[in-house]
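Novice: Next comes upload05.txt, compact mmCIF, C-alpha atoms:
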```
# COMPACT_ATOMS: atom_id res chain seq x y z
CA MET A 1 0.00 0.00 0.00
CA GLU A 2 2.85 2.31 0.89
CA ALA A 3 4.13 1.96 -2.66
CA LEU A 4 1.04 3.79 -3.88
CA PHE A 5 1.98 6.84 -1.84
CA GLN A 6 5.69 6.77 -2.56
CA GLY A 7 5.44 9.85 -4.73
CA PHE A 8 3.65 11.87 -2.06
CA LEU A 9 6.02 10.68 0.64
CA ASN A 10 9.03 11.80 -1.32
CA LEU A 11 7.80 15.28 -2.13
CA THR A 12 9.78 18.04 -0.45
CA TRP A 13 9.22 21.78 -0.14
CA GLN A 14 12.16 22.25 -2.47
CA SER A 15 10.28 20.31 -5.16
CA PHE A 16 7.40 22.78 -4.87
CA VAL A 17 9.77 25.74 -5.16
CA MET A 18 11.17 24.21 -8.34
CA PHE A 19 7.64 23.57 -9.68
CA ALA A 20 6.96 27.26 -9.09
CA ILE A 21 10.17 28.26 -10.88
CA GLY A 22 9.39 25.94 -13.80
CA GLY A 23 5.83 27.28 -13.89
CA THR A 24 7.12 30.86 -13.90
CA LEU A 25 9.36 30.11 -16.87
CA ILE A 26 6.42 28.57 -18.74
CA PHE A 27 4.27 31.58 -17.82
CA LEU A 28 6.94 34.00 -19.09
CA ALA A 29 7.19 32.00 -22.32
CA VAL A 30 3.44 31.74 -22.93
CA LYS A 31 2.09 35.00 -21.58
CA LYS A 32 5.03 37.37 -22.08
CA ASP A 33 6.54 35.71 -25.17
CA TYR A 34 10.00 35.77 -23.54
CA GLU A 35 12.18 33.39 -25.61
CA PRO A 36 9.33 30.80 -25.64
CA MET A 37 11.30 28.35 -27.77
CA LEU A 38 13.69 27.83 -24.88
CA LEU A 39 12.07 29.01 -21.68
CA LEU A 40 9.04 26.76 -22.15
CA PRO A 41 11.00 23.49 -22.55
CA ILE A 42 13.43 24.60 -19.81
CA GLY A 43 10.52 25.30 -17.46
CA PHE A 44 8.88 21.96 -18.20
CA GLY A 45 12.21 20.13 -17.85
CA ALA A 46 12.65 21.77 -14.43
CA ILE A 47 9.26 20.43 -13.32
CA LEU A 48 9.94 16.96 -14.72
CA VAL A 49 13.30 16.53 -13.04
CA ASN A 50 12.01 17.62 -9.65
CA LEU A 51 9.21 15.07 -9.51
CA PRO A 52 9.74 12.46 -6.80
CA PHE A 53 12.56 10.04 -7.66
CA SER A 54 13.52 12.09 -10.76
CA ALA A 55 12.77 9.14 -13.00
CA VAL A 56 13.53 11.20 -16.11
CA TRP A 57 17.07 11.62 -14.81
CA GLU A 58 17.89 8.34 -13.12
CA TYR A 59 15.79 5.49 -11.81
CA GLU A 60 16.90 2.26 -10.16
CA GLU A 61 20.49 2.95 -11.18
CA ALA A 62 19.58 3.27 -14.85
CA ASP A 63 19.92 6.55 -16.75
CA GLY A 64 16.62 8.26 -17.46
CA VAL A 65 15.72 9.74 -20.84
CA LEU A 66 16.87 13.27 -19.97
CA LYS A 67 20.18 12.09 -18.57
CA ILE A 68 20.78 10.18 -21.78
CA LEU A 69 20.04 13.35 -23.75
CA TYR A 70 22.27 15.36 -21.39
CA ASN A 71 25.19 12.99 -21.83
CA ALA A 72 24.68 12.80 -25.58
CA GLY A 73 24.01 16.45 -26.33
CA ILE A 74 25.37 18.67 -23.58
CA VAL A 75 28.38 16.80 -22.18
CA THR A 76 29.57 16.25 -25.74
CA GLU A 77 28.67 19.92 -26.62
CA LEU A 78 26.77 18.60 -29.61
CA PHE A 79 23.53 20.56 -29.08
CA PRO A 80 25.07 24.06 -28.74
CA VAL A 81 27.21 23.64 -31.84
CA LEU A 82 24.31 22.22 -33.86
CA ILE A 83 22.29 25.27 -32.82
CA PHE A 84 25.12 27.35 -34.22
CA VAL A 85 24.70 25.69 -37.64
CA ALA A 86 21.04 26.71 -37.54
CA ILE A 87 21.82 30.27 -36.41
CA GLY A 88 24.45 30.62 -39.13
CA ALA A 89 21.89 29.53 -41.71
CA MET A 90 19.44 32.15 -40.44
CA ILE A 91 21.79 35.14 -40.38
CA ASP A 92 22.29 37.46 -43.30
CA PHE A 93 25.75 38.99 -42.91
CA ALA A 94 25.31 41.29 -45.92
CA PRO A 95 24.59 44.42 -43.78
CA LEU A 96 27.90 43.82 -41.99
CA LEU A 97 29.77 43.33 -45.26
CA LYS A 98 28.39 46.65 -46.48
CA ASN A 99 29.67 48.36 -43.36
CA PRO A 100 32.54 46.23 -41.99
CA LYS A 101 33.73 48.80 -39.46
CA MET A 102 30.70 47.78 -37.40
CA LEU A 103 32.74 44.67 -36.54
CA PHE A 104 34.46 46.72 -33.86
CA LEU A 105 31.17 47.54 -32.18
CA GLY A 106 30.61 43.81 -31.84
CA ALA A 107 34.01 43.52 -30.16
CA ALA A 108 33.39 46.42 -27.77
CA ALA A 109 30.11 44.95 -26.59
CA GLN A 110 31.97 41.86 -25.34
CA PHE A 111 33.36 44.04 -22.56
CA GLY A 112 30.67 42.66 -20.26
CA ILE A 113 32.20 39.17 -20.35
CA PHE A 114 35.51 40.27 -18.95
CA ALA A 115 34.17 42.90 -16.54
CA THR A 116 31.81 40.27 -15.08
CA VAL A 117 34.65 37.77 -14.63
CA VAL A 118 36.52 40.38 -12.58
CA VAL A 119 33.43 41.09 -10.44
CA ALA A 120 32.75 37.34 -9.99
CA VAL A 121 36.33 36.72 -8.90
CA LEU A 122 36.17 39.65 -6.47
CA ILE A 123 32.99 38.21 -4.95
CA GLY A 124 34.64 34.78 -4.84
CA GLY A 125 37.57 36.33 -2.95
CA ALA A 126 35.22 37.94 -0.43
CA PHE A 127 33.14 34.74 0.03
CA PRO A 128 35.48 31.75 -0.42
CA SER A 129 32.69 29.32 0.51
CA LEU A 130 31.07 30.05 -2.88
CA GLY A 131 34.00 28.30 -4.55
CA ILE A 132 34.41 30.79 -7.39
CA ASP A 133 37.74 30.26 -9.08
CA LEU A 134 38.77 31.69 -12.45
CA LYS A 135 37.00 28.88 -14.35
CA VAL A 136 33.71 29.39 -12.53
CA GLY A 137 34.10 33.18 -12.89
CA ALA A 138 34.65 32.73 -16.62
CA ALA A 139 31.62 30.43 -16.94
CA ILE A 140 29.50 33.14 -15.30
CA GLY A 141 31.18 36.00 -17.16
CA ILE A 142 30.44 34.40 -20.51
CA LEU A 143 26.81 35.43 -19.93
CA GLY A 144 28.12 38.73 -21.28
CA ALA A 145 28.36 37.07 -24.68
CA ALA A 146 24.56 37.46 -24.68
CA ASP A 147 24.50 34.23 -26.62
CA GLY A 148 22.87 31.04 -25.37
CA PRO A 149 24.91 28.40 -27.21
CA THR A 150 28.23 30.14 -26.38
CA SER A 151 27.26 30.35 -22.70
CA ILE A 152 26.28 26.67 -22.67
CA PHE A 153 29.46 25.67 -24.51
CA VAL A 154 31.77 27.50 -22.09
CA ALA A 155 29.79 26.53 -18.97
CA THR A 156 29.89 22.86 -19.99
CA LYS A 157 33.68 23.03 -20.13
CA PHE A 158 34.33 25.17 -17.03
CA ALA A 159 31.42 24.68 -14.62
CA PRO A 160 29.01 21.94 -15.74
CA GLN A 161 27.39 21.97 -12.28
CA LEU A 162 26.19 25.53 -12.98
CA LEU A 163 24.81 24.84 -16.44
CA GLY A 164 21.15 25.14 -15.36
CA PRO A 165 21.25 28.62 -13.80
CA ILE A 166 23.70 29.93 -16.43
CA SER A 167 21.42 28.82 -19.28
CA VAL A 168 18.31 30.21 -17.61
CA ALA A 169 20.11 33.53 -16.99
CA ALA A 170 21.39 33.68 -20.60
CA TYR A 171 17.99 33.14 -22.21
CA SER A 172 16.04 35.20 -19.68
CA TYR A 173 18.22 38.26 -20.05
CA MET A 174 18.26 37.97 -23.84
CA ALA A 175 14.50 38.12 -23.71
CA LEU A 176 14.74 41.09 -21.37
CA VAL A 177 17.05 43.13 -23.63
CA PRO A 178 14.23 45.61 -24.42
CA ILE A 179 13.92 46.28 -20.69
CA ILE A 180 17.60 46.16 -19.64
CA GLN A 181 19.21 48.25 -22.37
CA PRO A 182 17.14 51.47 -22.67
CA PRO A 183 17.94 52.93 -19.21
CA ILE A 184 21.68 52.27 -19.69
CA ILE A 185 21.66 53.80 -23.17
CA LYS A 186 19.79 56.87 -21.93
CA ALA A 187 22.06 57.29 -18.91
CA LEU A 188 25.18 57.24 -21.07
CA THR A 189 24.05 59.41 -23.99
CA SER A 190 22.80 62.95 -24.39
CA LYS A 191 19.67 63.82 -26.37
CA LYS A 192 21.94 65.37 -29.02
CA GLU A 193 23.88 62.13 -29.37
CA ARG A 194 20.72 60.07 -29.67
CA LEU A 195 19.62 62.32 -32.53
CA ILE A 196 22.72 61.64 -34.62
CA ARG A 197 21.62 60.47 -38.05
CA MET A 198 23.58 57.87 -39.92
CA GLU A 199 23.65 57.72 -43.67
CA TYR A 200 22.88 54.35 -45.14
CA SER A 201 24.65 53.49 -48.35
CA ASP A 202 23.24 50.51 -50.14
CA LYS A 203 26.65 49.42 -51.33
CA LYS A 204 26.49 46.33 -53.51
CA ILE A 205 28.52 43.34 -52.42
CA SER A 206 29.56 40.64 -54.85
CA LYS A 207 28.30 37.13 -54.33
CA THR A 208 31.90 35.92 -54.25
CA THR A 209 32.56 38.14 -51.21
CA ILE A 210 29.42 36.90 -49.49
CA ILE A 211 30.47 33.29 -50.05
CA LEU A 212 34.08 33.94 -49.01
CA PHE A 213 33.04 35.68 -45.77
CA PRO A 214 32.21 32.54 -43.72
CA VAL A 215 35.34 30.81 -44.97
CA ILE A 216 37.56 33.80 -44.10
CA VAL A 217 36.03 34.18 -40.63
CA THR A 218 36.51 30.46 -39.92
CA VAL A 219 40.12 30.43 -41.03
CA ILE A 220 41.09 33.64 -39.18
CA ALA A 221 39.29 32.73 -35.94
CA GLY A 222 40.51 29.12 -36.17
CA ILE A 223 44.12 30.22 -36.51
CA ILE A 224 44.01 32.85 -33.74
CA ALA A 225 42.05 30.75 -31.24
CA PRO A 226 41.85 27.15 -32.51
CA ILE A 227 39.59 26.17 -29.62
CA CYS A 228 36.82 28.41 -30.98
CA ALA A 229 36.67 26.38 -34.23
CA PRO A 230 33.59 24.37 -33.15
CA LEU A 231 31.66 27.55 -32.36
CA VAL A 232 32.78 29.87 -35.13
CA GLY A 233 33.29 27.07 -37.64
CA LEU A 234 29.80 25.63 -37.38
CA LEU A 235 28.18 29.09 -37.24
CA MET A 236 29.96 29.91 -40.47
CA PHE A 237 29.22 26.48 -41.97
CA GLY A 238 25.53 27.21 -41.51
CA ASN A 239 26.01 30.57 -43.18
CA LEU A 240 27.96 29.07 -46.07
CA ILE A 241 25.10 26.64 -46.73
CA ARG A 242 22.76 29.64 -46.84
CA VAL A 243 24.78 31.93 -49.09
CA SER A 244 26.19 29.32 -51.45
CA GLY A 245 22.91 29.39 -53.34
CA VAL A 246 23.26 25.72 -54.31
CA LEU A 247 22.08 24.11 -51.08
CA GLU A 248 18.69 25.63 -50.64
CA ARG A 249 17.16 22.45 -49.25
CA LEU A 250 19.93 22.04 -46.68
CA SER A 251 19.73 25.72 -45.80
CA LYS A 252 16.01 25.46 -45.17
CA SER A 253 16.48 22.25 -43.18
CA ALA A 254 19.11 23.94 -41.00
CA GLN A 255 16.87 26.97 -40.45
CA ASN A 256 13.77 24.93 -39.70
CA GLU A 257 14.01 21.21 -38.91
CA LEU A 258 17.50 21.28 -37.36
CA ALA A 259 16.85 24.49 -35.41
CA ASN A 260 13.49 23.25 -34.12
CA LEU A 261 14.60 19.76 -33.19
CA VAL A 262 17.82 20.77 -31.44
CA THR A 263 16.15 23.70 -29.66
CA LEU A 264 13.46 21.37 -28.37
CA LEU A 265 15.96 18.83 -27.07
CA LEU A 266 18.36 21.49 -25.79
CA GLY A 267 15.67 23.30 -23.81
CA ILE A 268 14.24 20.29 -22.01
CA THR A 269 17.71 18.86 -21.37
CA ILE A 270 18.87 22.12 -19.80
CA GLY A 271 15.71 22.13 -17.71
CA SER A 272 16.69 18.70 -16.46
CA THR A 273 19.89 20.15 -14.97
CA MET A 274 17.75 22.25 -12.63
CA ARG A 275 17.47 19.69 -9.85
CA TYR A 276 16.71 21.45 -6.60
CA GLU A 277 19.84 20.14 -4.87
CA GLN A 278 21.88 22.10 -7.40
CA PHE A 279 19.56 24.96 -8.27
CA LEU A 280 18.32 26.15 -4.89
CA GLN A 281 21.68 27.53 -3.86
CA PRO A 282 22.94 31.06 -3.17
CA MET A 283 25.08 30.61 -6.28
CA THR A 284 21.96 30.67 -8.49
CA LEU A 285 21.00 34.11 -7.18
CA LEU A 286 24.55 35.28 -7.70
CA ILE A 287 24.56 33.99 -11.29
CA MET A 288 21.27 35.76 -12.02
CA SER A 289 22.65 39.01 -10.57
CA LEU A 290 25.96 38.75 -12.39
CA GLY A 291 24.17 37.87 -15.62
CA PHE A 292 22.23 41.10 -15.32
CA ALA A 293 25.46 42.97 -14.60
CA ALA A 294 27.07 41.38 -17.67
CA PHE A 295 24.33 42.73 -19.95
CA VAL A 296 24.68 46.18 -18.35
CA PHE A 297 28.48 46.13 -18.85
CA ASP A 298 28.03 44.98 -22.47
CA THR A 299 25.63 47.80 -23.25
CA ALA A 300 27.85 50.36 -21.55
CA GLY A 301 30.93 49.01 -23.35
CA GLY A 302 29.26 49.31 -26.76
CA VAL A 303 27.84 52.78 -26.18
CA LEU A 304 31.02 54.22 -24.64
CA PHE A 305 33.16 52.75 -27.41
CA VAL A 306 31.09 54.56 -30.05
CA LYS A 307 31.38 57.79 -28.07
CA PHE A 308 35.14 57.29 -28.02
CA LEU A 309 35.23 56.64 -31.79
CA ASN A 310 33.15 59.78 -32.38
CA LEU A 311 35.90 61.89 -30.78
CA PHE A 312 38.10 61.15 -33.79
CA SER A 313 35.62 60.47 -36.55
CA LYS A 314 34.02 62.85 -39.04
CA ASN A 315 31.11 60.56 -39.79
CA LYS A 316 29.61 60.21 -36.35
CA ILE A 317 27.95 56.99 -35.30
CA ASN A 318 24.83 57.20 -33.18
CA PRO A 319 26.04 55.82 -29.79
CA MET A 320 22.83 53.84 -29.41
CA VAL A 321 24.06 51.62 -32.25
CA GLY A 322 26.94 50.57 -29.98
CA ALA A 323 24.43 48.89 -27.69
CA ALA A 324 23.37 46.67 -30.61
CA GLY A 325 26.87 45.17 -30.66
CA ILE A 326 25.72 42.49 -28.23
CA SER A 327 24.87 39.16 -29.71
CA ALA A 328 21.15 39.15 -28.78
CA PHE A 329 19.86 39.07 -32.35
CA PRO A 330 17.61 40.67 -33.51
CA MET A 331 16.18 42.05 -30.26
CA SER A 332 18.94 44.54 -29.72
CA ALA A 333 18.93 45.95 -33.29
CA ARG A 334 15.16 46.27 -33.18
CA LEU A 335 15.35 48.09 -29.85
CA VAL A 336 17.90 50.61 -31.15
CA GLN A 337 15.75 51.29 -34.21
CA LYS A 338 12.72 51.81 -31.97
CA MET A 339 14.60 54.15 -29.65
CA GLY A 340 15.99 56.10 -32.61
CA VAL A 341 12.54 56.61 -34.11
CA LYS A 342 11.20 57.66 -30.72
CA GLU A 343 13.83 60.41 -30.50
CA ASP A 344 13.40 61.47 -34.11
CA PRO A 345 10.69 59.86 -36.27
CA HIS A 346 12.87 60.31 -39.37
CA ASN A 347 15.99 58.71 -37.95
CA PHE A 348 16.32 55.13 -39.18
CA LEU A 349 19.06 53.22 -37.42
CA LEU A 350 17.95 49.71 -38.30
CA MET A 351 20.62 48.87 -40.88
CA PRO A 352 23.66 50.03 -38.87
CA ALA A 353 22.14 48.42 -35.78
CA VAL A 354 21.66 45.11 -37.63
CA SER A 355 25.28 45.35 -38.84
CA ALA A 356 26.47 45.82 -35.26
CA ASN A 357 24.17 43.05 -34.05
CA VAL A 358 25.47 40.43 -36.50
CA ALA A 359 29.00 41.61 -35.72
CA GLY A 360 28.11 40.77 -32.11
CA GLN A 361 27.27 37.22 -33.21
CA VAL A 362 30.72 36.76 -34.71
CA ALA A 363 32.49 38.57 -31.85
CA SER A 364 30.71 36.61 -29.11
CA ALA A 365 31.71 33.27 -30.65
CA ILE A 366 35.31 34.49 -30.94
CA ALA A 367 35.19 35.84 -27.37
CA GLY A 368 33.95 32.44 -26.17
CA GLY A 369 36.93 30.84 -27.89
CA MET A 370 39.29 33.39 -26.34
CA VAL A 371 37.97 32.63 -22.85
CA LEU A 372 38.31 28.88 -23.46
CA ALA A 373 41.87 29.36 -24.71
CA ILE A 374 43.15 31.85 -22.13
CA VAL A 375 41.68 30.59 -18.83
CA PRO A 376 43.51 27.22 -18.72
CA THR A 377 46.77 28.98 -19.62
CA LEU A 378 46.36 31.49 -16.79
CA MET A 379 45.53 28.74 -14.30
CA GLN A 380 48.66 26.70 -15.04
CA MET B 1 43.17 35.36 -8.79
CA LEU B 2 42.11 38.98 -9.33
CA ILE B 3 45.29 39.54 -11.31
CA GLN B 4 44.43 36.49 -13.43
CA ALA B 5 40.92 37.83 -14.01
CA LEU B 6 42.32 41.19 -15.08
CA GLN B 7 44.80 39.42 -17.35
CA LEU B 8 41.93 37.45 -18.86
CA GLY B 9 40.10 40.72 -19.50
CA LEU B 10 43.12 42.33 -21.08
CA TYR B 11 44.18 39.39 -23.24
CA GLY B 12 40.60 38.47 -24.06
CA LEU B 13 39.56 41.90 -25.28
CA ALA B 14 42.87 42.29 -27.12
CA GLY B 15 42.27 38.90 -28.73
CA VAL B 16 38.72 39.74 -29.81
CA PHE B 17 39.70 43.17 -31.17
CA GLY B 18 42.83 41.72 -32.81
CA SER B 19 40.83 38.98 -34.53
CA LEU B 20 38.28 41.47 -35.76
CA VAL B 21 40.95 43.89 -37.01
CA ILE B 22 42.43 41.05 -39.09
CA LEU B 23 38.94 40.08 -40.24
CA PHE B 24 38.19 43.71 -41.11
CA MET B 25 41.32 43.96 -43.24
CA ALA B 26 40.62 40.61 -44.88
CA LEU B 27 37.09 41.78 -45.72
CA LYS B 28 38.35 45.06 -47.16
CA ILE B 29 40.79 43.17 -49.37
CA THR B 30 38.12 40.66 -50.42
CA VAL B 31 35.66 43.43 -51.32
CA LYS B 32 38.41 45.12 -53.37
CA LEU B 33 39.43 41.87 -55.08
CA PHE B 34 35.88 40.86 -55.89
CA PRO B 35 33.94 44.06 -56.52
CA TYR B 36 30.28 43.94 -57.36
CA LYS B 37 30.01 44.23 -61.11
CA ASP B 38 27.73 41.58 -62.51
CA GLU B 39 24.21 42.90 -62.30
CA ASN B 40 22.94 39.32 -62.15
CA GLU B 41 24.88 38.74 -58.95
CA SER B 42 22.98 38.77 -55.71
CA GLN B 43 23.35 41.36 -52.96
CA GLY B 44 23.12 38.72 -50.31
CA SER B 45 19.63 39.57 -49.23
CA SER B 46 17.59 36.89 -47.57
CA GLU B 47 15.28 36.72 -50.56
CA ASN B 48 18.16 35.93 -52.85
CA ASN B 49 19.97 33.58 -50.57
CA GLY B 50 17.08 31.74 -49.14
```
What does this structure look like when you write it as structure tokens?

Specialist:
Amino acid sequence: MEALFQGFLNLTWQSFVMFAIGGTLIFLAVKKDYEPMLLLPIGFGAILVNLPFSAVWEYEEADGVLKILYNAGIVTELFPVLIFVAIGAMIDFAPLLKNPKMLFLGAAAQFGIFATVVVAVLIGGAFPSLGIDLKVGAAIGILGAADGPTSIFVATKFAPQLLGPISVAAYSYMALVPIIQPPIIKALTSKKERLIRMEYSDKKISKTTIILFPVIVTVIAGIIAPICAPLVGLLMFGNLIRVSGVLERLSKSAQNELANLVTLLLGITIGSTMRYEQFLQPMTLLIMSLGFAAFVFDTAGGVLFVKFLNLFSKNKINPMVGAAGISAFPMSARLVQKMGVKEDPHNFLLMPAVSANVAGQVASAIAGGMVLAIVPTLMQ
Amino acid sequence: MLIQALQLGLYGLAGVFGSLVILFMALKITVKLFPYKDENESQGSSENNG
């Protein structure tokens, strides 16, 4: 008879807290449309894995379905890099090729990664019980890449035990870009700066250049930081499929079937890492706070970098475009356009903002590779 | 460890900017070497590249 009530008997208050967290993520996905493709499966995965006995994770010493997916797709880093193929196939880099100097805005907006690592390490020094070393600090700091797959990729290597909260923070804050960025942009720019108009030249780019772009990026990034080859290489592979013009079926499959299938499996598998023993820790709150800080630092880095460039440049860039250098595509570009039109209904910043935004995609993957390459060297 | 974190910041940002400077130059050269001339060529828009 007792067997019938086993589930009830093994429920804990922590399970209910995790059900509430999972439910909140599902609510945010359904009602607020915050990254529903990921937050909904993550939320449901969090509920599933916190049911009594966690049968989806492990039951009677046998791996459950989600643990099998975790070992196959996350431990091996397969899911994040497959997502990169899909993202590459979805991105049109032509606006960046028309205005390549926007690449530097993508680089500046990675400032948040490194600033957050410093803050994390400082906190780790003040509270040694948290166990934050350089690897853990880097896994948290990579939230500043504003890029889910990069965050998952780096966290898997440096702090797999923190994968759940890091992934939730990455996708939550990406969805919250329209709320996080505007106050920072406004605080760091004057009305006059926000009114700067940028001329858009519809420069034609040859198809050869468009096809060579992913190859060039892969070779350069792969030579400078070989460890970033899986990230940058597969992002660019996806893009090459798209722009080659001869693989339309594969391009569509990457953009649709591959993206949908891997996103579905990735989301629920990440949710399954949110077991209460690991998630209900002070570290989770710290990761959420530092993730927020990372996005603030990124935005500030991008905006201030443009202001610095404007000191020496004749053709001024609207500093708001600097904020679009983060990798959250296309939310950030759309936000900058919206803010520009609000300041001046005839100021269209969409194209430069999209250029900066796709530059952020490239820069964040390279930054992820840099972190992966440099941290082990520094820790030797 | 703080020194290591600052070193990571310095080397990391230098690495990202350095990579993108090289990429920028490579793109400039590529655009020069392969200018747009054939009016049948695509501009790389999503419509054209599916």

Novice: Using only C-alpha atoms, which of A:Gln110, A:Asn315, A:Asn347, A:Thr273 sits nearest Gly43 in chain A?

Specialist: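 The closest residue to Gly43 in chain A is A:Thr273.
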
Novice: Mind pulling up the distance from CA of Ala145 in chain A to CA of Gln181 in chain A?

Specialist: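 Interatomic distance, CA of Gln181 in chain A to CA of Ala145 in chain A: 14.6 Å.
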
Novice: Counting only C-alpha atoms, which residues of chain A come no farther than 6 Å from chain B, as a ChimeraX atom specification?

Specialist: /A:94,107,114,118,204-207,243,245,367,370

Novice: Around range 23-37 of chain B, fit a box with edges along x, y and z, padding it by 8 Å on each side, then list its centre and edge lengths in Å to one decimal as AutoDock Vina command-line options.

Specialist:
```
--center_x 35.7 --center_y 42.6 --center_z -50.7 --size_x 27.3 --size_y 21.0 --size_z 36.9
```

Novice: CA of Phe84 in chain A to CA of Leu234 in chain A: how many Å, to one decimal?

Specialist: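 Distance between the two atoms: 5.9 Å.
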
Novice: When you count all atoms listed in the file, which of these residues is closest to Ile210 in chain A: A:Arg194, A:Lys135, A:Lys314, A:Lys98?

Specialist: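 Ranking A:Arg194, A:Lys135, A:Lys314, A:Lys98 by distance to Ile210 in chain A, first place goes to A:Lys98.
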
Novice: As an exercise, work out the distance from CA of Tyr70 in chain A to CA of Gly22 in chain A in Å and give it to one decimal place.

Specialist: 18.3 Å

Novice: Using all atoms listed in the file, find each residue of range 324-346 of chain A with at least one atom at most 9 Å away from an atom of range 294-300 of chain A; report its shortest atom-to-atom pair and that distance in Å (one decimal), sort the rows by chain and rising residue number, and return the result as JSON lines.

Specialist:
```
{"residue": "A:Ala324", "atom": "CA", "partner": "A:Thr299", "partner_atom": "CA", "distance": 7.8}
{"residue": "A:Gly325", "atom": "CA", "partner": "A:Thr299", "partner_atom": "CA", "distance": 8.0}
{"residue": "A:Ile326", "atom": "CA", "partner": "A:Asp298", "partner_atom": "CA", "distance": 6.7}
```

Novice: Would you write out, as a tab-separated table, a table of all residues in range 275-307 of chain A that have an atom no more than 10 Å from an atom of range 125-133 of chain A, listing for each the closest atom pair and the distance in Å to one decimal, considering only C-alpha atoms and ordering rows by chain and rising residue number?

Specialist:
```
residue	atom	partner	partner_atom	distance
A:Gln281	CA	A:Leu130	CA	9.8
A:Pro282	CA	A:Leu130	CA	8.2
A:Met283	CA	A:Leu130	CA	6.9
A:Leu286	CA	A:Leu130	CA	9.6
```

Novice: Here is a test: counting all atoms listed in the file, which residue of A:Glu277, A:Glu35, A:Glu193, A:Glu343 is nearest to Gln161 in chain A?

Specialist: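 Distance minimum relative to Gln161 in chain A lands on A:Glu277.
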
Novice: Asn99 in chain A: which residues within 12 Å, counting only C-alpha atoms, same-chain residues fewer than 6 positions away excluded, as a list in words?

Specialist: Phe93, Leu105, Met198, Glu199, Tyr200, Ser201, Asp202, Lys203, Lys204, Ile205, Ile317, Met351, Pro352, Ala353, Val354, Ser355, Ala356, Val358 and Ala359 of chain A; Phe24, Leu27, Lys28 and Val31 of chain B

Novice: Neighbours of Gly368 in chain A within 12 Å (all atoms listed in the file; same-chain residues fewer than 2 positions away dropped), as JSON, numbers by chain?

Specialist: {"A": [107, 110, 113, 114, 138, 139, 140, 141, 142, 143, 144, 145, 146, 147, 148, 149, 150, 151, 152, 153, 154, 155, 157, 158, 221, 225, 226, 227, 228, 229, 230, 231, 232, 327, 360, 361, 362, 363, 364, 365, 366, 370, 371, 372, 373, 374, 375], "B": [8, 12, 13, 15, 16]}

Novice: Pick the closest to Leu258 in chain A from A:Ile87, A:Val303, A:Val219, A:Ala293: which is it, counting only C-alpha atoms?

Specialist: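 Among the listed residues, A:Ile87 lies closest to Leu258 in chain A.
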
Novice: Give me the residues near range 48-60 of chain A as a compact mmCIF listing (two decimals) with C-alpha atoms, in the frame of the given file, where near means some atom within 10 Å (using all atoms listed in the file) and where sequence neighbours in that chain fewer than 4 positions away do not count.

Specialist:
```txt
# COMPACT_ATOMS: atom_id res chain seq x y z
CA GLN A 6 5.69 6.77 -2.56
CA GLY A 7 5.44 9.85 -4.73
CA PHE A 8 3.65 11.87 -2.06
CA LEU A 9 6.02 10.68 0.64
CA ASN A 10 9.03 11.80 -1.32
CA LEU A 11 7.80 15.28 -2.13
CA THR A 12 9.78 18.04 -0.45
CA GLN A 14 12.16 22.25 -2.47
CA SER A 15 10.28 20.31 -5.16
CA PHE A 16 7.40 22.78 -4.87
CA VAL A 17 9.77 25.74 -5.16
CA MET A 18 11.17 24.21 -8.34
CA PHE A 19 7.64 23.57 -9.68
CA GLY A 22 9.39 25.94 -13.80
CA ILE A 42 13.43 24.60 -19.81
CA GLY A 43 10.52 25.30 -17.46
CA PHE A 44 8.88 21.96 -18.20
CA GLY A 64 16.62 8.26 -17.46
CA VAL A 65 15.72 9.74 -20.84
CA LEU A 66 16.87 13.27 -19.97
CA LYS A 67 20.18 12.09 -18.57
CA ILE A 68 20.78 10.18 -21.78
CA LEU A 69 20.04 13.35 -23.75
CA TYR A 70 22.27 15.36 -21.39
CA ILE A 268 14.24 20.29 -22.01
CA THR A 269 17.71 18.86 -21.37
CA GLY A 271 15.71 22.13 -17.71
CA SER A 272 16.69 18.70 -16.46
CA THR A 273 19.89 20.15 -14.97
CA MET A 274 17.75 22.25 -12.63
CA ARG A 275 17.47 19.69 -9.85
CA TYR A 276 16.71 21.45 -6.60
CA GLU A 277 19.84 20.14 -4.87
```
